[in-house]
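Enquirer: This is the content of final06.csv (CSV, C-alpha atoms):
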```csv
chain,number,residue,atom,x,y,z
A,22,MET,CA,173.3,-35.7,-30.7
A,23,LYS,CA,171.1,-34.9,-33.7
A,24,LYS,CA,169.6,-31.9,-31.9
A,25,PHE,CA,173.1,-30.6,-31.0
A,26,LEU,CA,174.1,-30.8,-34.7
A,27,ILE,CA,171.0,-28.9,-35.7
A,28,ILE,CA,171.7,-26.2,-33.2
A,29,LEU,CA,175.3,-26.0,-34.3
A,30,SER,CA,174.2,-25.7,-37.9
A,31,LEU,CA,171.9,-22.8,-36.9
A,32,LEU,CA,174.7,-21.1,-35.1
A,33,ILE,CA,176.9,-21.3,-38.1
A,34,GLY,CA,174.1,-19.7,-40.1
A,35,SER,CA,173.8,-17.0,-37.5
A,36,MET,CA,177.5,-16.3,-37.7
A,37,SER,CA,177.2,-15.9,-41.5
A,38,ALA,CA,174.3,-13.5,-41.0
A,39,MET,CA,176.6,-11.3,-38.8
A,40,ALA,CA,178.4,-10.4,-42.0
A,41,GLN,CA,175.7,-7.8,-42.5
A,42,ASP,CA,176.7,-6.1,-39.2
A,43,ASN,CA,179.1,-3.2,-39.8
A,44,ASN,CA,180.6,-3.7,-36.4
A,45,THR,CA,182.1,-7.1,-37.2
A,46,PHE,CA,185.8,-7.3,-37.8
A,47,PHE,CA,185.3,-8.3,-41.4
A,48,GLN,CA,182.4,-9.7,-43.5
A,49,LEU,CA,181.9,-13.4,-43.1
A,50,PRO,CA,180.8,-15.5,-46.1
A,51,VAL,CA,177.1,-16.4,-46.3
A,52,ILE,CA,176.5,-20.1,-46.6
A,53,PRO,CA,174.2,-21.0,-49.5
A,54,ASP,CA,170.8,-22.3,-48.6
A,55,SER,CA,171.4,-25.3,-50.8
A,56,LEU,CA,174.0,-26.6,-48.3
A,57,GLN,CA,172.0,-28.3,-45.6
A,58,ASN,CA,174.4,-31.0,-44.4
A,59,LEU,CA,176.5,-29.9,-41.4
A,60,GLN,CA,179.8,-31.0,-42.9
A,61,ASP,CA,179.0,-29.3,-46.2
A,62,ARG,CA,178.3,-26.1,-44.4
A,63,THR,CA,181.4,-26.2,-42.3
A,64,ASP,CA,183.5,-27.1,-45.3
A,65,PHE,CA,182.1,-24.0,-47.0
A,66,MET,CA,183.0,-21.8,-44.0
A,67,VAL,CA,186.5,-23.2,-43.7
A,68,THR,CA,187.1,-22.7,-47.4
A,69,HIS,CA,185.7,-19.2,-47.7
A,70,TYR,CA,186.1,-17.8,-44.2
A,71,TRP,CA,188.8,-15.3,-45.1
A,72,ASP,CA,187.4,-14.3,-48.5
A,73,PHE,CA,186.3,-10.8,-47.4
A,74,CYS,CA,189.2,-10.2,-45.0
A,75,ASP,CA,191.9,-7.8,-46.0
A,76,LEU,CA,194.8,-9.8,-44.5
A,77,ASN,CA,197.2,-6.9,-45.2
A,78,LYS,CA,195.3,-4.7,-42.7
A,79,ALA,CA,193.7,-7.3,-40.4
A,80,PHE,CA,196.8,-7.9,-38.3
A,81,SER,CA,196.9,-4.2,-37.2
A,82,SER,CA,194.4,-5.3,-34.5
A,83,ARG,CA,196.0,-8.4,-33.0
A,84,ASP,CA,193.2,-8.9,-30.5
A,85,LYS,CA,190.5,-9.0,-33.1
A,86,MET,CA,192.6,-11.2,-35.4
A,87,ALA,CA,193.1,-13.6,-32.6
A,88,GLU,CA,189.3,-13.8,-32.0
A,89,ALA,CA,188.7,-14.3,-35.8
A,90,PHE,CA,191.3,-17.0,-35.9
A,91,ASP,CA,189.7,-18.7,-32.9
A,92,THR,CA,186.3,-18.7,-34.7
A,93,TYR,CA,188.0,-20.1,-37.8
A,94,LEU,CA,189.4,-23.0,-35.9
A,95,SER,CA,186.1,-23.7,-34.3
A,96,PHE,CA,184.6,-24.9,-37.6
A,97,MET,CA,187.4,-27.4,-38.3
A,98,PRO,CA,186.3,-30.3,-36.0
A,99,TYR,CA,183.1,-30.6,-38.1
A,100,ALA,CA,184.7,-30.2,-41.6
A,101,SER,CA,186.3,-32.8,-43.7
A,102,ALA,CA,190.1,-33.3,-43.3
A,103,THR,CA,191.0,-32.6,-46.9
A,104,VAL,CA,189.1,-29.3,-46.9
A,105,VAL,CA,190.7,-28.3,-43.5
A,106,TYR,CA,194.2,-29.0,-44.7
A,107,ALA,CA,193.7,-27.2,-48.0
A,108,GLY,CA,192.2,-24.3,-46.2
A,109,VAL,CA,195.1,-24.0,-43.8
A,110,ASP,CA,197.6,-24.2,-46.6
A,111,ASN,CA,195.8,-21.5,-48.6
A,112,PHE,CA,195.5,-19.2,-45.6
A,113,MET,CA,199.2,-19.6,-44.7
A,114,LYS,CA,200.2,-18.8,-48.3
A,115,LYS,CA,198.1,-15.6,-48.2
A,116,ILE,CA,200.0,-14.3,-45.2
A,117,ALA,CA,203.4,-15.8,-46.2
A,118,LYS,CA,205.0,-12.5,-47.2
A,119,LYS,CA,204.9,-11.0,-43.7
A,120,PRO,CA,206.8,-13.2,-41.3
A,121,ALA,CA,205.6,-11.3,-38.2
A,122,ASN,CA,202.0,-12.2,-39.1
A,123,VAL,CA,203.1,-15.8,-39.9
A,124,LEU,CA,204.7,-16.1,-36.5
A,125,PHE,CA,201.7,-14.6,-34.7
A,126,ILE,CA,199.5,-17.2,-36.3
A,127,GLY,CA,202.0,-19.9,-35.3
A,128,GLU,CA,201.7,-18.7,-31.7
A,129,LEU,CA,197.9,-18.8,-31.8
A,130,ALA,CA,197.9,-22.2,-33.4
A,131,GLU,CA,200.2,-23.6,-30.8
A,132,ASN,CA,198.1,-22.3,-28.0
A,133,LYS,CA,194.8,-23.5,-29.5
A,134,LEU,CA,195.9,-26.8,-31.0
A,135,TYR,CA,199.0,-28.1,-29.3
A,136,SER,CA,199.5,-26.7,-25.7
A,137,ASP,CA,198.3,-28.6,-22.6
A,138,SER,CA,195.4,-26.2,-22.3
A,139,ALA,CA,194.5,-26.4,-26.1
A,140,GLU,CA,190.7,-26.2,-26.7
A,141,ILE,CA,191.0,-28.3,-29.9
A,142,GLN,CA,194.0,-30.5,-29.4
A,143,SER,CA,195.1,-31.8,-32.8
A,144,ASP,CA,198.7,-32.7,-33.6
A,145,GLU,CA,197.8,-33.2,-37.3
A,146,LEU,CA,196.3,-29.7,-37.6
A,147,PHE,CA,199.0,-28.0,-35.6
A,148,LEU,CA,201.6,-29.7,-37.8
A,149,ARG,CA,200.1,-28.1,-40.9
A,150,PHE,CA,200.6,-24.6,-39.4
A,151,ALA,CA,204.1,-25.4,-38.0
A,152,GLN,CA,205.3,-27.0,-41.3
A,153,ALA,CA,204.2,-23.8,-43.2
A,154,ILE,CA,206.3,-21.7,-40.9
A,155,VAL,CA,209.3,-24.0,-41.3
A,156,ASP,CA,208.9,-23.9,-45.1
A,157,ASN,CA,208.5,-20.1,-45.2
A,158,GLY,CA,211.7,-18.5,-46.7
A,159,LYS,CA,211.0,-15.1,-45.1
A,160,VAL,CA,210.9,-16.3,-41.5
A,161,ASP,CA,214.3,-16.1,-40.0
A,162,LYS,CA,216.1,-19.3,-38.9
A,163,ALA,CA,216.1,-18.4,-35.2
A,164,SER,CA,212.3,-18.0,-35.2
A,165,LYS,CA,211.9,-21.3,-37.0
A,166,MET,CA,214.0,-23.4,-34.6
A,167,ARG,CA,211.1,-24.2,-32.2
A,168,TYR,CA,208.7,-25.0,-35.0
A,169,ARG,CA,211.3,-27.1,-36.7
A,170,HIS,CA,211.9,-29.1,-33.5
A,171,LEU,CA,208.1,-29.5,-33.0
A,172,VAL,CA,207.6,-30.7,-36.5
A,173,GLU,CA,210.4,-33.2,-36.2
A,174,VAL,CA,209.2,-34.6,-32.9
A,175,LEU,CA,205.5,-34.6,-33.7
A,176,SER,CA,206.0,-36.1,-37.1
A,177,GLY,CA,207.7,-39.2,-35.6
A,178,SER,CA,205.3,-39.5,-32.7
A,179,GLN,CA,202.1,-40.1,-34.7
A,180,PRO,CA,200.2,-43.4,-34.8
A,181,GLY,CA,201.5,-45.5,-37.7
A,182,GLN,CA,205.1,-44.2,-37.4
A,183,ILE,CA,207.8,-46.6,-36.3
A,184,ALA,CA,209.1,-45.8,-32.8
A,185,ARG,CA,212.5,-44.3,-33.1
A,186,PRO,CA,215.5,-46.1,-31.5
A,187,PHE,CA,217.4,-44.3,-28.8
A,188,SER,CA,220.5,-44.9,-26.7
A,189,TYR,CA,220.0,-45.3,-22.9
A,190,THR,CA,221.7,-46.0,-19.6
A,191,ASP,CA,220.1,-48.5,-17.3
A,192,LEU,CA,220.0,-48.6,-13.5
A,193,TYR,CA,223.4,-50.2,-13.3
A,194,GLY,CA,225.2,-47.9,-15.7
A,195,THR,CA,225.0,-50.2,-18.7
A,196,GLN,CA,224.7,-48.5,-22.1
A,197,GLY,CA,222.2,-49.8,-24.6
A,198,THR,CA,220.0,-49.0,-27.5
A,199,PHE,CA,216.2,-49.5,-27.4
A,200,ALA,CA,214.8,-51.8,-30.0
A,201,VAL,CA,211.4,-53.5,-30.0
A,202,ASP,CA,211.3,-57.2,-29.2
A,203,THR,CA,209.3,-58.5,-32.2
A,204,THR,CA,208.3,-61.6,-30.2
A,205,LYS,CA,206.1,-59.6,-27.8
A,206,ILE,CA,202.4,-58.8,-28.3
A,207,CYS,CA,203.1,-55.2,-27.7
A,208,THR,CA,205.6,-52.8,-26.0
A,209,VAL,CA,204.7,-49.9,-23.7
A,210,LEU,CA,207.0,-46.9,-23.5
A,211,PHE,CA,206.3,-45.2,-20.2
A,212,PHE,CA,208.0,-41.7,-20.1
A,213,ASN,CA,208.0,-40.5,-16.5
A,214,ASP,CA,209.9,-38.5,-13.9
A,215,PRO,CA,210.7,-39.6,-10.3
A,216,ASP,CA,209.5,-36.2,-9.0
A,217,CYS,CA,206.2,-36.4,-10.8
A,218,SER,CA,203.3,-37.5,-8.5
A,219,ASP,CA,201.1,-38.5,-11.4
A,220,CYS,CA,203.9,-40.6,-12.8
A,221,ASN,CA,204.4,-42.4,-9.5
A,222,MET,CA,200.7,-43.1,-9.2
A,223,ALA,CA,200.6,-44.4,-12.8
A,224,ARG,CA,203.5,-46.7,-12.1
A,225,ILE,CA,201.8,-48.0,-9.0
A,226,ARG,CA,198.5,-48.6,-10.8
A,227,LEU,CA,200.3,-50.3,-13.7
A,228,ASP,CA,202.3,-52.6,-11.5
A,229,ALA,CA,199.3,-53.4,-9.3
A,230,ASP,CA,197.1,-54.4,-12.3
A,231,VAL,CA,196.8,-58.2,-12.2
A,232,LYS,CA,196.4,-58.7,-16.0
A,233,THR,CA,199.3,-56.4,-16.8
A,234,ARG,CA,201.6,-58.2,-14.4
A,235,MET,CA,200.6,-61.6,-15.9
A,236,LEU,CA,201.4,-60.3,-19.4
A,237,VAL,CA,204.7,-58.8,-18.4
A,238,GLU,CA,205.8,-61.8,-16.2
A,239,GLY,CA,204.7,-64.2,-18.9
A,240,GLY,CA,207.0,-62.5,-21.4
A,241,LYS,CA,204.1,-61.3,-23.7
A,242,VAL,CA,204.4,-57.6,-23.0
A,243,ASP,CA,207.4,-55.3,-22.5
A,244,ILE,CA,207.2,-52.2,-20.4
A,245,VAL,CA,210.0,-49.7,-20.7
A,246,SER,CA,210.2,-47.0,-18.1
A,247,ILE,CA,212.1,-44.0,-19.4
A,248,TYR,CA,213.5,-41.0,-17.5
A,249,ALA,CA,214.0,-38.3,-20.1
A,250,SER,CA,217.3,-37.1,-18.8
A,251,ASP,CA,220.7,-38.3,-18.0
A,252,PRO,CA,220.8,-40.6,-15.0
A,253,ASP,CA,221.2,-38.9,-11.6
A,254,GLN,CA,221.3,-40.1,-8.0
A,255,ASN,CA,217.6,-39.1,-7.3
A,256,TRP,CA,216.4,-41.2,-10.3
A,257,THR,CA,218.7,-44.1,-9.5
A,258,GLU,CA,217.6,-44.3,-5.9
A,259,GLN,CA,213.9,-44.2,-6.7
A,260,ALA,CA,214.0,-46.4,-9.8
A,261,MET,CA,215.6,-49.2,-7.8
A,262,ASN,CA,212.1,-49.8,-6.5
A,263,TYR,CA,210.4,-50.0,-9.9
A,264,PRO,CA,209.2,-53.4,-11.0
A,265,LYS,CA,212.1,-55.7,-11.8
A,266,GLU,CA,210.4,-57.1,-14.8
A,267,TRP,CA,210.4,-53.7,-16.5
A,268,LEU,CA,213.3,-52.2,-18.4
A,269,THR,CA,214.1,-49.0,-16.5
A,270,VAL,CA,216.4,-46.6,-18.3
A,271,ALA,CA,217.4,-42.9,-18.6
A,272,SER,CA,217.9,-41.2,-21.9
A,273,GLU,CA,218.4,-37.5,-22.6
A,274,GLN,CA,218.1,-38.3,-26.4
A,275,VAL,CA,214.4,-39.1,-26.2
A,276,ASN,CA,213.5,-35.4,-25.8
A,277,ASP,CA,214.4,-34.9,-29.5
A,278,LEU,CA,212.6,-38.0,-30.6
A,279,TYR,CA,209.2,-38.3,-28.8
A,280,ASP,CA,206.4,-36.0,-27.9
A,281,MET,CA,206.2,-35.8,-24.1
A,282,ARG,CA,204.2,-32.6,-23.5
A,283,HIS,CA,202.2,-34.5,-20.9
A,284,THR,CA,203.7,-36.2,-17.8
A,285,PRO,CA,203.4,-39.1,-17.8
A,286,THR,CA,203.2,-40.1,-21.4
A,287,PHE,CA,202.6,-43.7,-22.7
A,288,TYR,CA,203.2,-45.1,-26.2
A,289,ILE,CA,201.8,-48.4,-27.2
A,290,LEU,CA,203.8,-50.2,-29.9
A,291,ASN,CA,202.9,-53.2,-32.0
A,292,PRO,CA,205.3,-56.1,-32.5
A,293,ASN,CA,206.9,-54.3,-35.5
A,294,GLY,CA,207.5,-51.2,-33.4
A,295,ALA,CA,204.8,-49.1,-35.0
A,296,ILE,CA,203.0,-46.6,-32.7
A,297,LEU,CA,199.5,-47.7,-32.1
A,298,ALA,CA,198.5,-44.9,-29.7
A,299,ARG,CA,199.9,-42.2,-27.4
A,300,THR,CA,198.1,-41.3,-24.1
A,301,PRO,CA,198.8,-39.5,-20.8
A,302,ASN,CA,196.3,-41.7,-19.0
A,303,VAL,CA,197.4,-45.0,-17.4
A,304,THR,CA,193.8,-46.1,-17.4
A,305,ASP,CA,194.0,-46.4,-21.2
A,306,ILE,CA,197.0,-48.7,-20.9
A,307,ILE,CA,195.3,-50.9,-18.4
A,308,ALA,CA,192.2,-51.1,-20.6
A,309,VAL,CA,194.4,-52.3,-23.5
A,310,MET,CA,196.0,-54.9,-21.3
A,311,SER,CA,192.6,-56.2,-20.3
A,312,HIS,CA,191.8,-57.1,-23.9
A,313,LEU,CA,195.1,-58.9,-24.6
A,314,LYS,CA,195.3,-62.7,-24.3
```
The structure in this file should be written as structure tokens.
Expert:
Amino acid sequence: MKKFLIILSLLIGSMSAMAQDNNTFFQLPVIPDSLQNLQDRTDFMVTHYWDFCDLNKAFSSRDKMAEAFDTYLSFMPYASATVVYAGVDNFMKKIAKKPANVLFIGELAENKLYSDSAEIQSDELFLRFAQAIVDNGKVDKASKMRYRHLVEVLSGSQPGQIARPFSYTDLYGTQGTFAVDTTKICTVLFFNDPDCSDCNMARIRLDADVKTRMLVEGGKVDIVSIYASDPDQNWTEQAMNYPKEWLTVASEQVNDLYDMRHTPTFYILNPNGAILARTPNVTDIIAVMSHLK
């Protein structure tokens, strides 16, 4: 690991040296020799990356700007959070007067930080870019709609947030509102679709896990299976075979409340309803169950 960090630090230095190459898109800052620590060096790059870039002209070459932005993001996993957030805020302010450029950066940020194929998946970082778009008075309302929705959903889906209540319909057509049972050790929200093979496999594995079954049947853990749509015949027929100890419901409303970009998606809630973690991997849920008493 130490060797990797040394190599990474050398690469960062090499990228700075490229500033002397006239063929580069724009001159990169040169990291002072006095900064030897990896985090200090990446903090410097994140803070000063755009210093020599004419942002009024840079967007004329979208391909080169996309490459430069990709490089900019690549430093962030190794920099301190406060520096990264300040850097993003400062960058978005610099381009704020040109909504086309702001939306272009929003598209890049979504692809690189939020999408299923994101190279650096980070809700916190993407939220920083998305919130800047929502707050920008020059971006039209129609263009903001998607980012406003993503900010709303993601903000409430982060660890530490209280899981939002939602109305639902159960297998027998009974209406209800989800609320955490505070007497349970934890609650698992299992967002899934009957036509999703990964969801069905996750359901089978979760039901087959001996420790999980003991906790559910013993009344210590609640599992709520949620179909993110209005109830239909296909869901009803298949869901009738789901474990009887689970609460199995359908709710269109959850699409506006919970982040479900992956299928399936699991949320683990504490007794007070606070989100402890979100994961698309049933193995993570089974691992948590194995440590509960």
Enquirer: Counting only C-alpha atoms, figure out which residue out of A:Ile289, A:Ala200, A:Ile247, A:Leu59 gets nearest to Pro180 of chain A.
Expert: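 Once distances to Pro180 of chain A are computed over only C-alpha atoms, the minimum belongs to A:Ile289.
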Enquirer: Give me, please, the distance in Å between atom CA of Pro301 of chain A and atom CA of Pro285 of chain A, quoted to one decimal.
Expert: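 Computing the Euclidean distance for atom CA of Pro301 of chain A and atom CA of Pro285 of chain A yields 5.5 Å.
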Enquirer: What's the separation between atom CA of Ala271 of chain A and atom CA of Cys207 of chain A, in Å to one decimal place?
Expert: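 Computing it gives 20.9 Å between the two atoms.
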Enquirer: With all atoms listed in the file as the basis for distance, which of A:Glu266, A:Asp253, A:Glu258, A:Asp277 is at the shortest distance from Glu238 of chain A?
Expert: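 Residue with the minimum atom-to-atom distance to Glu238 of chain A: A:Glu266.
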Enquirer: Under the rule that all atoms listed in the file are counted, which of A:Asn276, A:Gly194, A:Met310, A:Ala298 is the nearest residue to Val242 of chain A?
Expert: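 Of the candidates, the smallest distance to Val242 of chain A is held by A:Met310.
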Enquirer: With all atoms listed in the file counted and 12 Å as the cut-off, give the residues of segment 235-283 of chain A in contact with segment 167-171 of chain A, each with its shortest interatomic distance in Å and the pair that gives it, as a tab-separated table.
Expert:
```
residue	atom	partner	partner_atom	distance
A:Asn276	CA	A:His170	CA	10.1
A:Asp277	CA	A:His170	CA	7.5
A:Leu278	CA	A:His170	CA	9.4
A:Tyr279	CA	A:Leu171	CA	9.8
A:Asp280	CA	A:Leu171	CA	8.4
A:Met281	CA	A:Leu171	CA	11.1
A:Arg282	CA	A:Leu171	CA	10.7
```
Enquirer: For each of A:Arg83, A:Lys119, A:Asp54, A:Leu94, take the minimum atom-to-atom distance to Ala139 of chain A, counting only C-alpha atoms, then give the residue where this is smallest.
Expert: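 Closest to Ala139 of chain A of all the choices is A:Leu94.
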Enquirer: I want to know what sits within 9 Å of Tyr288 of chain A, based on all atoms listed in the file, with residues of the same chain fewer than 3 positions away left out; could you give that as a PyMOL selection string?
Expert: chain A and resi 178+184+208-212+296-301+306
Enquirer: Near segment 105-109 of chain A, within 9 Å and counting all atoms listed in the file, which residues show up once chain neighbours fewer than 4 positions away are dropped, as a PDB file with C-alpha atoms, keeping the file's coordinate frame?
Expert:
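Dumped everything to around_14.pdb:
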```
ATOM      1  CA  ASP A  64     183.500 -27.100 -45.300  1.00  0.00           C
ATOM      2  CA  VAL A  67     186.500 -23.200 -43.700  1.00  0.00           C
ATOM      3  CA  THR A  68     187.100 -22.700 -47.400  1.00  0.00           C
ATOM      4  CA  HIS A  69     185.700 -19.200 -47.700  1.00  0.00           C
ATOM      5  CA  MET A  97     187.400 -27.400 -38.300  1.00  0.00           C
ATOM      6  CA  PRO A  98     186.300 -30.300 -36.000  1.00  0.00           C
ATOM      7  CA  ALA A 100     184.700 -30.200 -41.600  1.00  0.00           C
ATOM      8  CA  SER A 101     186.300 -32.800 -43.700  1.00  0.00           C
ATOM      9  CA  MET A 113     199.200 -19.600 -44.700  1.00  0.00           C
ATOM     10  CA  LYS A 114     200.200 -18.800 -48.300  1.00  0.00           C
ATOM     11  CA  LEU A 146     196.300 -29.700 -37.600  1.00  0.00           C
ATOM     12  CA  ARG A 149     200.100 -28.100 -40.900  1.00  0.00           C
ATOM     13  CA  PHE A 150     200.600 -24.600 -39.400  1.00  0.00           C
TER      14      PHE A 150
END
```
Enquirer: Determine, counting only C-alpha atoms, which protein, DNA and RNA residues have an atom within 8 Å of an atom of Cys74 of chain A; residues of the same chain fewer than 4 positions away are not included. Present the result as an NGL selection string.
Expert: :A and (47-48 or 79)
Enquirer: Just write the chosen residues, C-alpha atoms, as a tab-separated table (two decimals), in the frame of the given file.
Expert:
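After the write, selection-v9.tsv holds the following:
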```tsv
chain	number	residue	atom	x	y	z
A	47	PHE	CA	185.30	-8.30	-41.40
A	48	GLN	CA	182.40	-9.70	-43.50
A	79	ALA	CA	193.70	-7.30	-40.40
```
Enquirer: In terms of the shortest atom-to-atom distance over all atoms listed in the file, which of A:Asn157, A:Ser246, A:Gln179, A:Thr257 is closest to Ser143 of chain A?
Expert: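 Closest to Ser143 of chain A of all the choices is A:Gln179.
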Enquirer: Just the residues within 12 Å of segment 87-91 of chain A, please, counting only C-alpha atoms, with nothing from its chain fewer than 3 positions along; format it as a PyMOL selection string.
Expert: chain A and resi 36+45-49+67+70-71+74+76+79-84+94-97+109+112+122+125-134+139-141
Enquirer: Determine the nearest neighbour of Phe147 of chain A from the options A:Val172, A:Cys217, A:Ala229, A:Met166, counting only C-alpha atoms.
Expert: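 Among the listed residues, the smallest separation from Phe147 of chain A belongs to A:Val172.
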Enquirer: Mind pulling up the distance from atom CA of Thr304 of chain A to atom CA of Thr233 of chain A?
Expert: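 So the answer is 11.7 Å.
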Enquirer: Just want the 12 Å neighbourhood of Asn221 of chain A, counted on only C-alpha atoms, with same-chain residues fewer than 4 positions away dropped. Output as a list in words.
Expert: Phe211, Phe212, Asn213, Asp214, Pro215, Asp216, Cys217, Ile225, Arg226, Leu227, Asp228, Ser246, Gln259, Ala260, Asn262, Tyr263, Thr284, Pro285 and Val303 of chain A
